[in-house]
$ cat model_26.txt   # compact mmCIF, C-alpha atoms
# COMPACT_ATOMS: atom_id res chain seq x y z
CA MET S 5 -3.16 -6.97 16.07
CA GLN S 6 -1.38 -9.27 13.67
CA ILE S 7 -0.33 -9.10 10.03
CA ILE S 8 -1.16 -12.10 7.85
CA PRO S 9 -1.58 -12.84 4.14
CA ALA S 10 -4.81 -11.68 2.52
CA THR S 11 -6.79 -13.93 0.18
CA ILE S 12 -9.83 -13.74 -2.07
CA ARG S 13 -11.91 -14.56 1.03
CA ASP S 14 -11.09 -11.01 2.19
CA LEU S 15 -12.83 -9.39 -0.78
CA THR S 16 -15.78 -7.96 1.18
CA SER S 17 -13.59 -6.68 4.01
CA LEU S 18 -11.13 -5.14 1.58
CA ARG S 19 -13.93 -3.47 -0.34
CA ASP S 20 -15.26 -1.95 2.88
CA LEU S 21 -11.77 -0.79 3.93
CA GLU S 22 -11.16 0.79 0.51
CA LYS S 23 -14.43 2.71 0.62
CA ILE S 24 -13.64 4.07 4.08
CA CYS S 25 -9.97 4.88 3.45
CA PHE S 26 -10.25 6.10 -0.13
CA SER S 27 -13.82 7.31 -0.51
CA GLN S 28 -13.14 9.29 -3.70
CA ASP S 29 -10.71 6.82 -5.25
CA SER S 30 -11.64 3.37 -3.96
CA TRP S 31 -10.88 0.55 -6.35
CA GLY S 32 -13.67 -1.16 -8.23
CA ILE S 33 -14.56 -4.78 -7.64
CA LEU S 34 -12.44 -6.07 -10.55
CA ASP S 35 -9.34 -4.26 -9.25
CA LEU S 36 -9.93 -5.73 -5.80
CA ILE S 37 -10.31 -9.25 -7.20
CA ALA S 38 -7.12 -8.75 -9.22
CA VAL S 39 -5.04 -7.55 -6.28
CA LEU S 40 -6.23 -10.51 -4.20
CA THR S 41 -5.53 -13.13 -6.88
CA MET S 42 -2.72 -12.01 -9.19
CA PRO S 43 0.42 -14.15 -8.94
CA ARG S 44 3.51 -12.60 -7.31
CA VAL S 45 1.55 -9.73 -5.69
CA ILE S 46 2.34 -9.43 -2.00
CA ARG S 47 -0.93 -8.86 -0.12
CA LEU S 48 -1.06 -8.50 3.61
CA LYS S 49 -3.78 -7.55 6.02
CA ALA S 50 -3.65 -6.25 9.55
CA VAL S 51 -6.33 -7.84 11.69
CA ASP S 52 -7.70 -7.03 15.11
CA GLY S 53 -9.41 -10.25 16.10
CA GLU S 54 -11.34 -11.15 12.95
CA LYS S 55 -11.59 -7.57 11.65
CA MET S 56 -9.41 -6.32 8.79
CA VAL S 57 -8.08 -2.96 9.95
CA GLY S 58 -5.35 -2.46 7.36
CA PHE S 59 -4.17 -3.71 4.00
CA ILE S 60 -1.16 -3.38 1.72
CA ALA S 61 -0.35 -4.76 -1.72
CA GLY S 62 3.09 -4.81 -3.33
CA ASP S 63 3.58 -5.55 -7.03
CA PRO S 64 7.06 -6.75 -8.07
CA ARG S 65 7.93 -5.31 -11.48
CA LEU S 66 11.18 -7.11 -12.13
CA SER S 67 11.41 -6.05 -15.78
CA GLU S 68 11.24 -2.40 -14.65
CA GLY S 69 13.75 -2.90 -11.82
CA PHE S 70 11.44 -1.88 -8.97
CA SER S 71 8.39 -2.95 -7.03
CA TRP S 72 5.26 -0.86 -6.66
CA ILE S 73 3.26 -0.46 -3.45
CA ALA S 74 -0.17 -0.42 -5.06
CA THR S 75 -2.17 0.47 -1.97
CA VAL S 76 -1.81 0.99 1.77
CA GLY S 77 -4.86 1.64 3.90
CA VAL S 78 -5.60 1.63 7.62
CA LEU S 79 -9.04 2.28 9.08
CA PRO S 80 -9.30 5.73 10.73
CA ASP S 81 -9.82 4.36 14.27
CA TYR S 82 -6.59 2.35 13.97
CA ARG S 83 -4.30 5.03 12.54
CA ARG S 84 -1.27 6.44 14.36
CA GLN S 85 -0.65 3.09 16.08
CA GLY S 86 2.15 1.88 13.80
CA ILE S 87 -0.04 -0.42 11.71
CA GLY S 88 0.73 1.29 8.39
CA ARG S 89 4.46 1.23 9.18
CA ALA S 90 4.30 -2.46 10.15
CA LEU S 91 2.42 -3.32 6.95
CA LEU S 92 4.99 -1.38 4.92
CA HIS S 93 7.94 -3.14 6.60
CA GLN S 94 6.49 -6.61 6.12
CA CYS S 95 5.57 -5.95 2.50
CA GLU S 96 8.98 -4.46 1.69
CA ASP S 97 10.69 -7.47 3.28
CA GLN S 98 8.87 -9.77 0.84
CA LEU S 99 9.53 -7.72 -2.29
CA PRO S 100 12.41 -8.93 -4.49
CA THR S 101 13.73 -5.52 -5.62
CA ALA S 102 15.94 -2.95 -3.93
CA ARG S 103 13.88 -0.09 -5.35
CA VAL S 104 10.30 0.35 -4.15
CA ARG S 105 7.90 3.03 -5.39
CA LEU S 106 4.49 4.29 -4.34
CA SER S 107 2.19 7.21 -4.95
CA VAL S 108 0.29 9.27 -2.42
CA ARG S 109 -2.08 12.22 -2.50
CA ILE S 110 -0.09 15.44 -2.30
CA SER S 111 -2.46 16.54 0.50
CA ASN S 112 -1.86 13.42 2.64
CA ASP S 113 0.77 14.97 4.92
CA ASN S 114 0.68 12.14 7.48
CA ALA S 115 1.39 9.44 4.90
CA ILE S 116 4.10 11.52 3.20
CA HIS S 117 5.75 12.08 6.58
CA LEU S 118 5.67 8.34 7.33
CA TYR S 119 7.15 7.47 3.94
CA ARG S 120 9.92 10.04 4.36
CA GLN S 121 10.73 8.59 7.79
CA GLU S 122 10.98 5.20 6.11
CA GLY S 123 13.49 6.42 3.52
CA TYR S 124 11.23 7.28 0.59
CA GLN S 125 12.09 10.35 -1.46
CA THR S 126 9.97 12.29 -3.94
CA ILE S 127 10.91 11.47 -7.53
CA ASN S 128 7.94 12.86 -9.45
CA ILE S 129 4.57 14.60 -9.26
CA TRP S 130 1.71 13.21 -11.31
CA GLU S 131 -0.60 16.15 -11.97
CA LYS S 132 -4.35 15.64 -11.59
CA TYR S 133 -3.84 11.92 -10.91
CA TYR S 134 -6.79 11.35 -8.59
CA ASN S 135 -10.50 11.51 -9.48
CA ASP S 136 -10.85 15.00 -8.01
CA ASP S 137 -7.79 16.23 -9.98
CA THR S 138 -5.52 16.19 -6.93
CA ASP S 139 -1.86 15.59 -7.71
CA ALA S 140 0.01 12.46 -6.62
CA VAL S 141 3.50 12.47 -5.16
CA VAL S 142 5.55 9.56 -6.50
CA MET S 143 8.11 8.38 -3.98
CA GLU S 144 10.92 5.84 -4.15
CA LYS S 145 13.07 4.03 -1.64
CA ASN S 146 16.37 2.30 -2.37
CA ARG S 147 16.81 -0.30 0.30
CA ILE S 148 19.50 -2.73 1.28
CA MET S 149 18.49 -6.20 0.19
CA ARG S 150 18.61 -9.01 2.72
CA GLY S 151 18.52 -12.64 1.71
CA PHE S 152 17.90 -12.18 -2.02
$ encode --input "model_26.txt" --output "structure tokens"
Amino acid sequence: MQIIPATIRDLTSLRDLEKICFSQDSWGILDLIAVLTMPRVIRLKAVDGEKMVGFIAGDPRLSEGFSWIATVGVLPDYRRQGIGRALLHQCEDQLPTARVRLSVRISNDNAIHLYRQEGYQTINIWEKYYNDDTDAVVMEKNRIMRGF
């Protein structure tokens, strides 16, 4: 397994991964094109051979003083192997801000546990954020900047 930059050529694979990982809330085609082409967005994929097994996108929001992890997804058969953590580390290392935020379903205990282990703390709850009216936990990490 290796982590490499994702490009627009990964559109079909990313669409498939989104549908599997986020069946109720998968992004539409225009959102996927945007995340794969917008300038300054950090987009990384985890691959096993030629297969995309994970994806992360980080959006630097310099004017707001933080970066936003827009999505993190790992295929079910590849979870609990450190892929999500590795994607998170590599994305964070490329983001230009000390503060990084993300949101996660309040019911996603495994992801929340991972983010807490990585230094993220709950800063807000967005009520009825997801399509099925599930709340989102907004988390933030203040990290030590290296090389910026």
$ residues_around --input "model_26.txt" --residues "segment 126-143 of chain S" --least-positions-apart "3" --cutoff "10 Å" --atoms "only C-alpha atoms" --output "NGL selection string"
:S and (28-30 or 104-112 or 116 or 119-120 or 123)
$ atom_distance --input "model_26.txt" --atom1 "atom CA of Arg44 of chain S" --atom2 "atom CA of Val76 of chain S"
17.2 Å
$ residues_around --input "model_26.txt" --residues "segment 56-60 of chain S" --least-positions-apart "3" --cutoff "7 Å" --atoms "only C-alpha atoms" --output "list in words"
Ser17, Arg47, Leu48, Lys49, Ala50, Val51, Asp52, Thr75, Val76, Gly77, Val78, Leu79, Tyr82 and Leu91 of chain S
$ atom_distance --input "model_26.txt" --atom1 "atom CA of Thr101 of chain S" --atom2 "atom CA of Ser71 of chain S"
6.1 Å
$ closest_residue --input "model_26.txt" --among "S:Gly69, S:Gly32, S:Gly53, S:Pro43" --to "Glu144 of chain S" --atoms "all atoms listed in the file"
S:Gly69
$ atom_distance --input "model_26.txt" --atom1 "atom CA of Asp20 of chain S" --atom2 "atom CA of Gln98 of chain S"
25.4 Å
